[in-house]
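Shown here: target.txt, compact mmCIF, C-alpha atoms and all ligand atoms.
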# COMPACT_ATOMS: atom_id res chain seq x y z
CA MET A 979 6.62 -14.13 1.88
CA LEU A 980 6.36 -12.30 5.21
CA ILE A 981 6.77 -8.53 5.16
CA LEU A 982 6.93 -6.32 8.23
CA GLY A 983 5.64 -2.81 7.52
CA ILE A 984 6.48 0.18 9.73
CA GLU A 985 4.77 3.58 9.66
CA THR A 986 5.82 6.61 11.74
CA SER A 987 5.34 9.54 9.38
CA CYS A 988 2.94 11.50 11.53
CA ASP A 989 1.27 10.74 14.87
CA GLU A 990 0.59 7.01 14.63
CA THR A 991 3.26 4.48 15.52
CA ALA A 992 2.29 1.42 13.50
CA ALA A 993 3.63 -2.01 12.59
CA ALA A 994 1.98 -4.80 10.61
CA ILE A 995 2.83 -8.11 9.01
CA ILE A 996 1.33 -9.33 5.76
CA GLU A 997 1.82 -12.62 3.99
CA ASN A 998 2.25 -12.87 0.21
CA GLY A 999 1.01 -9.33 -0.25
CA GLU A 1000 -2.56 -10.23 0.60
CA ARG A 1001 -3.11 -11.80 4.01
CA ILE A 1002 -3.02 -9.47 7.04
CA LEU A 1003 -1.43 -11.34 9.95
CA SER A 1004 -1.27 -8.37 12.28
CA ASN A 1005 -2.09 -4.67 12.34
CA VAL A 1006 -0.95 -2.68 15.36
CA VAL A 1007 -1.51 1.08 15.57
CA ALA A 1008 -0.57 3.12 18.64
CA SER A 1009 -2.24 6.48 18.28
CA GLN A 1010 -0.73 9.61 19.84
CA VAL A 1011 -4.02 11.52 19.62
CA GLU A 1012 -4.29 11.91 23.39
CA LEU A 1013 -0.79 13.38 23.60
CA HIS A 1014 -1.50 16.06 20.96
CA ARG A 1015 -5.14 16.77 21.83
CA LYS A 1016 -4.43 19.52 24.33
CA PHE A 1017 -2.40 21.37 21.65
CA TRP A 1018 -5.21 21.00 19.05
CA GLY A 1019 -2.72 19.51 16.61
CA ILE A 1020 0.49 17.57 16.23
CA VAL A 1021 3.60 18.87 18.00
CA PRO A 1022 6.47 17.42 15.91
CA GLU A 1023 9.02 17.28 18.73
CA LEU A 1024 6.63 15.39 21.01
CA ALA A 1025 5.60 13.08 18.15
CA SER A 1026 9.14 11.90 17.41
CA ARG A 1027 9.89 11.31 21.10
CA LYS A 1028 6.72 9.27 21.44
CA HIS A 1029 7.58 7.22 18.34
CA LEU A 1030 10.94 6.39 19.94
CA GLU A 1031 9.18 5.18 23.05
CA LEU A 1032 6.57 3.13 21.18
CA ILE A 1033 8.31 1.72 18.14
CA ILE A 1034 9.90 -1.39 19.68
CA PRO A 1035 6.82 -2.38 21.77
CA VAL A 1036 4.61 -1.88 18.69
CA ILE A 1037 6.85 -4.07 16.50
CA LYS A 1038 6.95 -6.73 19.22
CA GLU A 1039 3.17 -6.63 19.45
CA ALA A 1040 2.82 -6.99 15.66
CA LEU A 1041 5.09 -10.07 15.74
CA LYS A 1042 3.15 -11.55 18.66
CA GLU A 1043 -0.25 -10.87 17.09
CA GLY A 1044 0.93 -12.48 13.85
CA GLY A 1045 2.52 -15.45 15.62
CA ILE A 1046 5.77 -14.67 13.82
CA GLU A 1047 9.35 -14.57 15.04
CA LEU A 1048 11.65 -11.82 13.86
CA LYS A 1049 13.92 -14.36 12.15
CA ASN A 1050 11.03 -15.58 9.96
CA LEU A 1051 10.59 -12.21 8.24
CA ASN A 1052 11.53 -12.03 4.56
CA ALA A 1053 11.56 -8.24 4.13
CA ILE A 1054 11.02 -4.96 5.98
CA ALA A 1055 9.32 -1.84 4.68
CA ALA A 1056 9.08 1.61 6.26
CA THR A 1057 7.67 4.96 5.22
CA TYR A 1058 10.46 7.39 4.25
CA GLY A 1059 8.25 10.36 3.29
CA PRO A 1060 6.30 12.56 3.13
CA GLY A 1061 5.86 13.41 6.80
CA LEU A 1062 7.55 14.92 9.83
CA LEU A 1063 11.33 14.48 9.63
CA GLY A 1064 11.91 13.45 13.26
CA SER A 1065 9.01 11.02 13.13
CA LEU A 1066 9.98 9.45 9.80
CA LEU A 1067 13.55 8.88 11.02
CA VAL A 1068 12.40 6.70 13.92
CA GLY A 1069 10.59 4.08 11.82
CA LEU A 1070 13.08 4.28 8.99
CA THR A 1071 16.13 3.80 11.21
CA VAL A 1072 14.63 0.90 13.12
CA ALA A 1073 13.58 -0.78 9.85
CA LYS A 1074 17.06 -0.44 8.37
CA GLY A 1075 18.61 -1.77 11.57
CA ILE A 1076 16.43 -4.87 11.53
CA ALA A 1077 17.02 -5.45 7.80
CA TYR A 1078 20.78 -5.11 8.26
CA THR A 1079 20.83 -7.50 11.21
CA LEU A 1080 18.63 -10.14 9.57
CA LYS A 1081 20.25 -9.64 6.13
CA ILE A 1082 16.89 -9.23 4.44
CA PRO A 1083 15.73 -6.62 1.91
CA PHE A 1084 14.62 -3.20 3.11
CA VAL A 1085 12.19 -1.06 1.08
CA GLY A 1086 11.46 2.63 1.65
CA ILE A 1087 7.82 3.47 0.98
CA ASN A 1088 6.08 6.66 -0.10
CA HIS A 1089 3.26 7.30 2.37
CA LEU A 1090 0.92 8.55 -0.37
CA GLU A 1091 1.45 5.48 -2.53
CA ALA A 1092 0.81 3.37 0.58
CA HIS A 1093 -2.59 5.03 1.13
CA LEU A 1094 -3.57 3.93 -2.39
CA TYR A 1095 -2.23 0.41 -1.77
CA ALA A 1096 -4.74 -0.15 1.02
CA ASN A 1097 -7.14 -0.59 -1.93
CA PHE A 1098 -4.95 -2.89 -4.04
CA LEU A 1099 -4.59 -5.12 -0.99
CA GLN A 1100 -8.30 -5.39 -0.32
CA TYR A 1101 -9.75 -5.42 -3.86
CA PRO A 1102 -7.85 -7.64 -6.33
CA GLN A 1103 -10.28 -6.60 -9.09
CA ILE A 1104 -8.76 -3.11 -9.22
CA THR A 1105 -6.80 -2.64 -12.44
CA PRO A 1106 -5.30 0.60 -13.79
CA PRO A 1107 -5.84 2.85 -15.64
CA LEU A 1108 -7.73 4.55 -12.83
CA VAL A 1109 -8.04 7.72 -10.82
CA GLY A 1110 -7.09 7.94 -7.12
CA LEU A 1111 -7.88 10.52 -4.47
CA ILE A 1112 -5.78 10.76 -1.31
CA ILE A 1113 -7.45 12.88 1.34
CA SER A 1114 -5.80 13.15 4.73
CA GLY A 1115 -4.60 15.59 7.36
CA GLY A 1116 -1.60 16.55 5.27
CA HIS A 1117 -2.66 15.79 1.70
CA THR A 1118 -5.29 16.31 -0.96
CA GLU A 1119 -3.97 14.62 -4.08
CA LEU A 1120 -5.94 13.74 -7.18
CA ILE A 1121 -3.90 11.19 -9.09
CA TYR A 1122 -4.04 9.43 -12.43
CA LEU A 1123 -2.58 5.92 -12.51
CA PRO A 1124 -2.05 4.91 -16.14
CA LYS A 1125 -0.56 1.61 -14.97
CA GLU A 1126 0.57 0.01 -11.72
CA GLY A 1127 3.35 2.01 -10.09
CA LYS A 1128 2.97 5.08 -12.38
CA TYR A 1129 1.46 8.27 -10.94
CA GLU A 1130 0.50 11.59 -12.48
CA VAL A 1131 -0.75 14.33 -10.15
CA LEU A 1132 -3.87 15.89 -11.68
CA GLY A 1133 -4.78 18.24 -8.87
CA THR A 1134 -3.77 19.17 -5.37
CA THR A 1135 -4.73 21.70 -2.73
CA ARG A 1136 -3.53 25.28 -3.09
CA ASP A 1137 -3.82 25.91 0.65
CA ASP A 1138 -5.12 23.63 3.42
CA ALA A 1139 -5.38 19.86 3.09
CA VAL A 1140 -8.94 18.65 3.40
CA GLY A 1141 -8.37 16.87 6.75
CA GLU A 1142 -6.64 20.00 8.03
CA ALA A 1143 -9.78 22.00 7.14
CA PHE A 1144 -11.89 19.51 9.13
CA ASP A 1145 -9.49 19.91 12.06
CA LYS A 1146 -9.51 23.72 11.90
CA VAL A 1147 -13.30 23.97 11.62
CA ALA A 1148 -13.64 21.60 14.59
CA ARG A 1149 -11.37 23.90 16.51
CA ILE A 1150 -13.46 26.97 15.61
CA LEU A 1151 -16.54 25.06 16.80
CA ASN A 1152 -14.74 23.90 19.94
CA LEU A 1153 -15.33 20.24 19.10
CA GLY A 1154 -11.91 18.77 19.87
CA TYR A 1155 -9.11 17.09 17.93
CA PRO A 1156 -8.92 15.36 15.46
CA GLY A 1157 -11.79 17.21 13.82
CA GLY A 1158 -12.95 14.81 11.09
CA PRO A 1159 -14.66 12.14 13.20
CA VAL A 1160 -16.36 14.67 15.56
CA ILE A 1161 -17.63 16.78 12.66
CA GLU A 1162 -19.00 13.67 10.96
CA GLU A 1163 -20.77 12.65 14.16
CA ILE A 1164 -22.28 16.01 15.09
CA ALA A 1165 -23.26 16.74 11.46
CA LYS A 1166 -25.78 13.86 11.67
CA LYS A 1167 -27.92 16.14 13.84
CA GLY A 1168 -27.61 19.18 11.57
CA ASN A 1169 -29.18 20.48 8.37
CA PRO A 1170 -26.53 20.53 5.62
CA HIS A 1171 -28.46 23.17 3.65
CA SER A 1172 -28.93 25.63 6.51
CA ILE A 1173 -25.72 27.70 6.50
CA PRO A 1174 -24.53 29.53 3.36
CA LEU A 1175 -20.89 28.62 2.77
CA PRO A 1176 -18.87 29.29 -0.40
CA LEU A 1177 -18.02 26.64 -2.96
CA THR A 1178 -14.51 27.69 -4.06
CA ARG A 1179 -14.12 28.04 -7.82
CA PHE A 1180 -10.97 29.01 -9.72
CA LYS A 1181 -11.03 31.33 -12.71
CA GLU A 1182 -8.96 28.90 -14.78
CA ASP A 1183 -9.79 25.33 -15.70
CA THR A 1184 -8.07 23.23 -13.05
CA LEU A 1185 -8.50 20.12 -10.94
CA ASP A 1186 -6.88 21.81 -7.93
CA PHE A 1187 -8.68 22.31 -4.63
CA SER A 1188 -8.88 25.08 -2.04
CA PHE A 1189 -10.33 24.75 1.44
CA SER A 1190 -9.15 27.87 3.23
CA GLY A 1191 -12.06 29.98 1.91
CA ILE A 1192 -14.70 27.75 3.44
CA LYS A 1193 -12.77 27.49 6.70
CA THR A 1194 -12.55 31.30 6.90
CA ALA A 1195 -16.25 31.59 6.07
CA VAL A 1196 -17.06 29.33 9.05
CA LEU A 1197 -14.77 31.43 11.26
CA TYR A 1198 -16.52 34.71 10.34
CA TYR A 1199 -19.95 33.17 10.58
CA VAL A 1200 -19.20 32.04 14.15
CA LYS A 1201 -17.48 35.31 15.13
CA ASN A 1202 -20.44 37.30 13.86
CA LEU A 1203 -22.88 35.28 15.97
CA GLN A 1204 -20.60 35.57 19.01
CA LYS A 1205 -20.45 39.37 18.60
CA ARG A 1206 -24.23 39.48 18.73
CA ALA A 1207 -24.26 37.04 21.69
CA LYS A 1208 -26.27 34.52 19.65
CA SER A 1209 -25.98 30.77 20.14
CA ILE A 1210 -23.85 28.83 17.66
CA PRO A 1211 -25.75 26.21 15.59
CA THR A 1212 -22.81 23.80 15.77
CA ALA A 1213 -24.52 20.80 14.16
CA ASP A 1214 -25.87 22.88 11.26
CA ILE A 1215 -22.46 24.43 10.62
CA ALA A 1216 -20.74 21.02 10.78
CA ALA A 1217 -23.30 19.50 8.38
CA SER A 1218 -23.12 22.44 5.93
CA PHE A 1219 -19.31 22.42 5.99
CA GLN A 1220 -19.16 18.66 5.45
CA LEU A 1221 -21.57 18.87 2.52
CA LYS A 1222 -19.67 21.71 0.78
CA VAL A 1223 -16.32 20.00 1.19
CA THR A 1224 -17.80 16.77 -0.11
CA GLN A 1225 -19.22 18.59 -3.14
CA MET A 1226 -15.84 20.15 -3.92
CA LEU A 1227 -14.10 16.78 -3.75
CA THR A 1228 -16.83 15.07 -5.78
CA GLN A 1229 -16.76 17.63 -8.61
CA ASN A 1230 -13.05 17.33 -9.30
CA LEU A 1231 -12.93 13.59 -8.75
CA PHE A 1232 -15.63 12.75 -11.26
CA ARG A 1233 -14.33 15.33 -13.71
CA ALA A 1234 -10.89 13.70 -13.54
CA ALA A 1235 -12.45 10.28 -14.15
CA TYR A 1236 -14.32 11.70 -17.16
CA LEU A 1237 -11.25 13.43 -18.61
CA LYS A 1238 -9.09 10.33 -18.19
CA LYS A 1239 -11.90 8.01 -19.33
CA VAL A 1240 -11.41 5.60 -16.43
CA LYS A 1241 -13.96 3.24 -14.93
CA GLN A 1242 -12.42 2.77 -11.50
CA ILE A 1243 -11.73 5.25 -8.72
CA ILE A 1244 -9.83 4.47 -5.52
CA LEU A 1245 -9.76 6.60 -2.38
CA GLY A 1246 -7.49 6.65 0.64
CA GLY A 1247 -6.40 8.67 3.68
CA GLY A 1248 -8.14 9.55 6.92
CA VAL A 1249 -10.91 11.64 5.35
CA SER A 1250 -11.98 8.72 3.13
CA SER A 1251 -13.29 7.02 6.27
CA ASN A 1252 -16.07 9.66 6.36
CA LEU A 1253 -19.32 7.77 5.76
CA PHE A 1254 -21.23 10.85 4.60
CA LEU A 1255 -18.61 11.38 1.88
CA ARG A 1256 -18.69 7.71 0.93
CA SER A 1257 -22.44 7.57 0.49
CA PHE A 1258 -22.55 10.96 -1.30
CA LEU A 1259 -20.00 9.72 -3.84
CA GLU A 1260 -21.86 6.43 -4.31
CA LYS A 1261 -25.10 8.34 -4.96
CA GLU A 1262 -23.58 10.88 -7.33
CA LYS A 1263 -21.21 8.67 -9.30
CA PRO A 1264 -21.69 8.57 -13.06
CA GLN A 1265 -22.92 5.32 -14.58
CA GLY A 1266 -20.23 2.72 -15.17
CA ILE A 1267 -17.87 4.06 -12.49
CA GLU A 1268 -16.76 1.76 -9.70
CA LEU A 1269 -15.65 3.30 -6.40
CA PHE A 1270 -13.30 1.63 -3.92
CA PHE A 1271 -12.71 2.67 -0.32
CA PRO A 1272 -10.35 0.83 2.06
CA SER A 1273 -12.01 -0.57 5.17
CA LEU A 1274 -12.19 2.09 7.89
CA GLU A 1275 -9.11 0.98 9.85
CA LEU A 1276 -7.02 1.04 6.66
CA CYS A 1277 -8.06 4.61 5.72
CA THR A 1278 -6.23 6.31 8.57
CA ASP A 1279 -2.49 5.81 8.99
CA ASN A 1280 -1.46 2.18 9.44
CA ALA A 1281 1.42 -0.12 8.52
CA VAL A 1282 -0.60 -2.74 6.61
CA MET A 1283 -0.69 -0.36 3.65
CA VAL A 1284 3.09 0.10 3.90
CA ALA A 1285 3.75 -3.64 3.79
CA ALA A 1286 1.20 -4.06 0.96
CA CYS A 1287 2.92 -1.36 -1.07
CA ALA A 1288 6.28 -3.04 -0.55
CA TYR A 1289 5.21 -6.48 -1.81
CA PRO A 1290 5.29 -5.82 -5.60
CA LYS A 1291 8.56 -3.91 -5.21
CA ILE A 1292 10.22 -6.79 -3.38
CA LYS A 1293 8.90 -9.28 -5.91
CA LYS A 1294 10.50 -7.20 -8.66
CA GLY A 1295 13.78 -7.06 -6.69
CA LYS A 1296 13.45 -3.32 -6.08
CA ALA A 1297 14.92 -3.08 -2.57
CA SER A 1298 16.18 0.29 -1.32
CA PRO A 1299 19.74 1.04 -0.25
CA LEU A 1300 20.30 1.32 3.51
CA SER A 1301 21.54 4.85 2.84
CA LEU A 1302 17.98 5.94 1.94
CA ASP A 1303 17.21 9.15 3.83
CA ALA A 1304 13.89 10.44 5.14
CA GLN A 1305 12.21 12.86 2.70
CA PRO A 1306 9.65 15.08 4.46
CA ASN A 1307 8.44 16.62 1.15
CA LEU A 1308 8.40 13.49 -0.98
CA ASN A 1309 5.89 13.60 -3.86
CA LEU A 1310 4.22 10.85 -5.80
O1 LIG B 1 -4.46 9.60 6.85
P1 LIG B 1 -4.45 10.20 8.22
O2 LIG B 1 -4.66 9.27 9.39
O3 LIG B 1 -3.10 10.95 8.51
C1 LIG B 1 -2.44 11.73 7.56
O4 LIG B 1 -1.70 11.14 6.72
O5 LIG B 1 -2.64 12.97 7.61
O6 LIG B 1 -5.55 11.37 8.23
C2 LIG B 1 -5.85 12.12 9.37
C3 LIG B 1 -6.88 13.18 8.97
C4 LIG B 1 -7.21 14.17 10.10
O7 LIG B 1 -7.18 15.49 9.57
C5 LIG B 1 -8.64 13.78 10.50
O8 LIG B 1 -9.41 14.87 10.97
C6 LIG B 1 -9.19 13.25 9.19
O9 LIG B 1 -8.11 12.55 8.61
N1 LIG B 1 -10.30 12.31 9.43
C7 LIG B 1 -11.55 12.54 8.98
C8 LIG B 1 -12.34 11.45 9.47
N2 LIG B 1 -11.52 10.60 10.17
C9 LIG B 1 -10.27 11.15 10.12
N3 LIG B 1 -12.07 13.55 8.27
C10 LIG B 1 -13.39 13.50 8.01
N4 LIG B 1 -14.22 12.52 8.45
C11 LIG B 1 -13.73 11.49 9.17
N5 LIG B 1 -14.54 10.52 9.61
ZN ZN B 2 -1.73 9.32 5.98
For this file, produce the structure as structure tokens.
Amino acid sequence: MLILGIETSCDETAAAIIENGERILSNVVASQVELHRKFWGIVPELASRKHLELIIPVIKEALKEGGIELKNLNAIAATYGPGLLGSLLVGLTVAKGIAYTLKIPFVGINHLEAHLYANFLQYPQITPPLVGLIISGGHTELIYLPKEGKYEVLGTTRDDAVGEAFDKVARILNLGYPGGPVIEEIAKKGNPHSIPLPLTRFKEDTLDFSFSGIKTAVLYYVKNLQKRAKSIPTADIAASFQLKVTQMLTQNLFRAAYLKKVKQIILGGGVSSNLFLRSFLEKEKPQGIELFFPSLELCTDNAVMVAACAYPKIKKGKASPLSLDAQPNLNL
């Protein structure tokens, strides 16, 4: 079975084809990073216009790379939320149009579920019950999966998403956009124990997260040095920030695994491509816990994960109606 996946929820225009839910035939991602860089973040209006420009060439490229003709496709999947409304509508509308023309099933996909499916695609040994952590520019979701397709949100951020905190701290440090990869790189040259930054704790017992306190602490630390005309120890700040954020994520993640008595943990989303975070978690994990990370190119937004997520739904006959609307605030 050949499934074309389409992803346009944020600032990547992506299309991919997978065969029988497991073999990746093509994976095309056109990033809009350059377009948004000068604004230090995503400008929704520009993003949707760019998706319109790129979507057909990207789909054509995915077909070419996979050696597939449009008429050979068996199903089409597209992200319908969460994300930017104007951006979601581009991929969703094109997907419905193709499905209608070819008379094949169309499936709307939840972007968060897709991030988790990057793991199910790559590691067949993963079997729920398990705990998942989605960490990206827009989301920080700690999830319990009692069985395949069932999701219970255990914790989420009360303010900034973790990737957003990376982006904002990179901006404070004048490192460029997106912040995650540059912070990871520059942190290699810094001492992670050199700058005192707060580890946010809530009064009540919760698995929620908060990253605005640490971001503000970095801001004041830098402002204070600037006021005194001192140089900014960028690498030390980046390393200390990265360590604290990693510790916050680690604490809640392993606590959730303990509370739910699971043996497997899956991660997904742009921040899960951070190698410091990956090795920290591997070192700190309790005995008997298995950790799974998608390969780097499947952590950040892509359409392979969308097609992978659609496969079990199509097999179960769970196609979506063509009236399915984009849902910017869709939850798991
Ligand atoms: O999953 P993604 O591509 O898009 C969303 O769904 O949001 O995630 C993008 C986010 C950005 O905030 C980016 O700074 C962060 O992931 N990111 C990273 C790394 N690579 C990307 N954060 C930390 N370390 C990285 N290596
Ligand atoms: Zn994402």
**Study point:** Contacts of Pro1170 in chain A at 12 Å (all atoms listed in the file; same-chain gap of 2+ positions) as a PyMOL selection string
**Key:** chain A and resi 1161-1162+1164-1168+1172-1175+1211-1225+1254
Study note, to complete from the structure: Judged by all atoms listed in the file, the minimum distance to ligand LIG 1 (chain B) among A:Ile1112, A:Leu1177, A:Val1196, A:Ile995 is found for A:Ile1112
Review point. Counting all atoms listed in the file, which of A:Leu1237, A:Val1007, A:Val1249, A:Leu1041 gets nearest to Val1160 in chain A?
Key: A:Val1249
Review point. Residues within 7 Å of ligand ZN 2 (chain B) (all atoms listed in the file), as number ranges by chain?
Key: A: 1089-1090, 1093, 1114, 1247-1248, 1278-1279
Those same residues - C-alpha atoms - I'd like them written as an mmCIF file, keeping the file's coordinate frame.
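Output below, filename part15.cif:
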data_model
loop_
_atom_site.group_PDB
_atom_site.id
_atom_site.type_symbol
_atom_site.label_atom_id
_atom_site.label_comp_id
_atom_site.auth_asym_id
_atom_site.auth_seq_id
_atom_site.Cartn_x
_atom_site.Cartn_y
_atom_site.Cartn_z
ATOM 1 C CA HIS A 1089 3.260 7.300 2.370
ATOM 2 C CA LEU A 1090 0.920 8.550 -0.370
ATOM 3 C CA HIS A 1093 -2.590 5.030 1.130
ATOM 4 C CA SER A 1114 -5.800 13.150 4.730
ATOM 5 C CA GLY A 1247 -6.400 8.670 3.680
ATOM 6 C CA GLY A 1248 -8.140 9.550 6.920
ATOM 7 C CA THR A 1278 -6.230 6.310 8.570
ATOM 8 C CA ASP A 1279 -2.490 5.810 8.990
#
Can you list every residue of chain A that has an atom at most 9 Å from ligand LIG 1 (chain B), with its nearest atom pair and the distance in Å to one decimal, using all atoms listed in the file, ordered by chain then number, as JSON lines?
{"residue": "A:Ser987", "atom": "CA", "partner": "B:LIG1", "partner_atom": "O4", "distance": 7.7}
{"residue": "A:Cys988", "atom": "CA", "partner": "B:LIG1", "partner_atom": "C1", "distance": 6.7}
{"residue": "A:Asp989", "atom": "CA", "partner": "B:LIG1", "partner_atom": "O3", "distance": 7.7}
{"residue": "A:Glu990", "atom": "CA", "partner": "B:LIG1", "partner_atom": "O2", "distance": 7.8}
{"residue": "A:Pro1060", "atom": "CA", "partner": "B:LIG1", "partner_atom": "O4", "distance": 8.9}
{"residue": "A:Gly1061", "atom": "CA", "partner": "B:LIG1", "partner_atom": "O4", "distance": 7.9}
{"residue": "A:His1089", "atom": "CA", "partner": "B:LIG1", "partner_atom": "O4", "distance": 7.6}
{"residue": "A:Leu1090", "atom": "CA", "partner": "B:LIG1", "partner_atom": "O4", "distance": 8.0}
{"residue": "A:His1093", "atom": "CA", "partner": "B:LIG1", "partner_atom": "O1", "distance": 7.6}
{"residue": "A:Ile1112", "atom": "CA", "partner": "B:LIG1", "partner_atom": "O1", "distance": 8.3}
{"residue": "A:Ile1113", "atom": "CA", "partner": "B:LIG1", "partner_atom": "O1", "distance": 7.1}
{"residue": "A:Ser1114", "atom": "CA", "partner": "B:LIG1", "partner_atom": "O6", "distance": 3.9}
{"residue": "A:Gly1115", "atom": "CA", "partner": "B:LIG1", "partner_atom": "O5", "distance": 3.3}
{"residue": "A:Gly1116", "atom": "CA", "partner": "B:LIG1", "partner_atom": "O5", "distance": 4.4}
{"residue": "A:His1117", "atom": "CA", "partner": "B:LIG1", "partner_atom": "O5", "distance": 6.5}
{"residue": "A:Ala1139", "atom": "CA", "partner": "B:LIG1", "partner_atom": "O7", "distance": 8.0}
{"residue": "A:Val1140", "atom": "CA", "partner": "B:LIG1", "partner_atom": "O7", "distance": 7.2}
{"residue": "A:Gly1141", "atom": "CA", "partner": "B:LIG1", "partner_atom": "O7", "distance": 3.4}
{"residue": "A:Glu1142", "atom": "CA", "partner": "B:LIG1", "partner_atom": "O7", "distance": 4.8}
{"residue": "A:Ala1143", "atom": "CA", "partner": "B:LIG1", "partner_atom": "O7", "distance": 7.4}
{"residue": "A:Phe1144", "atom": "CA", "partner": "B:LIG1", "partner_atom": "O8", "distance": 5.6}
{"residue": "A:Asp1145", "atom": "CA", "partner": "B:LIG1", "partner_atom": "O8", "distance": 5.2}
{"residue": "A:Lys1146", "atom": "CA", "partner": "B:LIG1", "partner_atom": "O7", "distance": 8.9}
{"residue": "A:Ala1148", "atom": "CA", "partner": "B:LIG1", "partner_atom": "O8", "distance": 8.7}
{"residue": "A:Tyr1155", "atom": "CA", "partner": "B:LIG1", "partner_atom": "O8", "distance": 7.3}
{"residue": "A:Pro1156", "atom": "CA", "partner": "B:LIG1", "partner_atom": "O8", "distance": 4.5}
{"residue": "A:Gly1157", "atom": "CA", "partner": "B:LIG1", "partner_atom": "O8", "distance": 4.4}
{"residue": "A:Gly1158", "atom": "CA", "partner": "B:LIG1", "partner_atom": "N3", "distance": 3.2}
{"residue": "A:Pro1159", "atom": "CA", "partner": "B:LIG1", "partner_atom": "N5", "distance": 3.9}
{"residue": "A:Val1160", "atom": "CA", "partner": "B:LIG1", "partner_atom": "N5", "distance": 7.5}
{"residue": "A:Ile1161", "atom": "CA", "partner": "B:LIG1", "partner_atom": "N4", "distance": 6.9}
{"residue": "A:Glu1162", "atom": "CA", "partner": "B:LIG1", "partner_atom": "N4", "distance": 5.5}
{"residue": "A:Glu1163", "atom": "CA", "partner": "B:LIG1", "partner_atom": "N5", "distance": 8.0}
{"residue": "A:Gln1220", "atom": "CA", "partner": "B:LIG1", "partner_atom": "C10", "distance": 8.2}
{"residue": "A:Gly1246", "atom": "CA", "partner": "B:LIG1", "partner_atom": "O1", "distance": 7.5}
{"residue": "A:Gly1247", "atom": "CA", "partner": "B:LIG1", "partner_atom": "O1", "distance": 3.8}
{"residue": "A:Gly1248", "atom": "CA", "partner": "B:LIG1", "partner_atom": "O6", "distance": 3.4}
{"residue": "A:Val1249", "atom": "CA", "partner": "B:LIG1", "partner_atom": "N3", "distance": 3.7}
{"residue": "A:Ser1250", "atom": "CA", "partner": "B:LIG1", "partner_atom": "C11", "distance": 6.9}
{"residue": "A:Ser1251", "atom": "CA", "partner": "B:LIG1", "partner_atom": "N5", "distance": 5.0}
{"residue": "A:Asn1252", "atom": "CA", "partner": "B:LIG1", "partner_atom": "N5", "distance": 3.7}
{"residue": "A:Leu1253", "atom": "CA", "partner": "B:LIG1", "partner_atom": "N5", "distance": 6.7}
{"residue": "A:Phe1254", "atom": "CA", "partner": "B:LIG1", "partner_atom": "N4", "distance": 8.2}
{"residue": "A:Leu1255", "atom": "CA", "partner": "B:LIG1", "partner_atom": "N4", "distance": 8.0}
{"residue": "A:Leu1274", "atom": "CA", "partner": "B:LIG1", "partner_atom": "N2", "distance": 8.8}
{"residue": "A:Leu1276", "atom": "CA", "partner": "B:LIG1", "partner_atom": "O1", "distance": 8.9}
{"residue": "A:Cys1277", "atom": "CA", "partner": "B:LIG1", "partner_atom": "O1", "distance": 6.3}
{"residue": "A:Thr1278", "atom": "CA", "partner": "B:LIG1", "partner_atom": "O2", "distance": 3.4}
{"residue": "A:Asp1279", "atom": "CA", "partner": "B:LIG1", "partner_atom": "O2", "distance": 4.1}
{"residue": "A:Asn1280", "atom": "CA", "partner": "B:LIG1", "partner_atom": "O2", "distance": 7.8}
Quick one: write out the picked residues with C-alpha atoms as a compact mmCIF listing (two decimals), in the frame of the given file?
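What follows is the written file part27.txt:
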# COMPACT_ATOMS: atom_id res chain seq x y z
CA SER A 987 5.34 9.54 9.38
CA CYS A 988 2.94 11.50 11.53
CA ASP A 989 1.27 10.74 14.87
CA GLU A 990 0.59 7.01 14.63
CA PRO A 1060 6.30 12.56 3.13
CA GLY A 1061 5.86 13.41 6.80
CA HIS A 1089 3.26 7.30 2.37
CA LEU A 1090 0.92 8.55 -0.37
CA HIS A 1093 -2.59 5.03 1.13
CA ILE A 1112 -5.78 10.76 -1.31
CA ILE A 1113 -7.45 12.88 1.34
CA SER A 1114 -5.80 13.15 4.73
CA GLY A 1115 -4.60 15.59 7.36
CA GLY A 1116 -1.60 16.55 5.27
CA HIS A 1117 -2.66 15.79 1.70
CA ALA A 1139 -5.38 19.86 3.09
CA VAL A 1140 -8.94 18.65 3.40
CA GLY A 1141 -8.37 16.87 6.75
CA GLU A 1142 -6.64 20.00 8.03
CA ALA A 1143 -9.78 22.00 7.14
CA PHE A 1144 -11.89 19.51 9.13
CA ASP A 1145 -9.49 19.91 12.06
CA LYS A 1146 -9.51 23.72 11.90
CA ALA A 1148 -13.64 21.60 14.59
CA TYR A 1155 -9.11 17.09 17.93
CA PRO A 1156 -8.92 15.36 15.46
CA GLY A 1157 -11.79 17.21 13.82
CA GLY A 1158 -12.95 14.81 11.09
CA PRO A 1159 -14.66 12.14 13.20
CA VAL A 1160 -16.36 14.67 15.56
CA ILE A 1161 -17.63 16.78 12.66
CA GLU A 1162 -19.00 13.67 10.96
CA GLU A 1163 -20.77 12.65 14.16
CA GLN A 1220 -19.16 18.66 5.45
CA GLY A 1246 -7.49 6.65 0.64
CA GLY A 1247 -6.40 8.67 3.68
CA GLY A 1248 -8.14 9.55 6.92
CA VAL A 1249 -10.91 11.64 5.35
CA SER A 1250 -11.98 8.72 3.13
CA SER A 1251 -13.29 7.02 6.27
CA ASN A 1252 -16.07 9.66 6.36
CA LEU A 1253 -19.32 7.77 5.76
CA PHE A 1254 -21.23 10.85 4.60
CA LEU A 1255 -18.61 11.38 1.88
CA LEU A 1274 -12.19 2.09 7.89
CA LEU A 1276 -7.02 1.04 6.66
CA CYS A 1277 -8.06 4.61 5.72
CA THR A 1278 -6.23 6.31 8.57
CA ASP A 1279 -2.49 5.81 8.99
CA ASN A 1280 -1.46 2.18 9.44
Check your understanding: Which one of A:Thr1184, A:Asn1307, A:Gln1242, A:Thr1178 sits closest to Pro1124 in chain A if you count all atoms listed in the file?
Key ->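 With all atoms listed in the file as the atom set, the closest residue is A:Gln1242.
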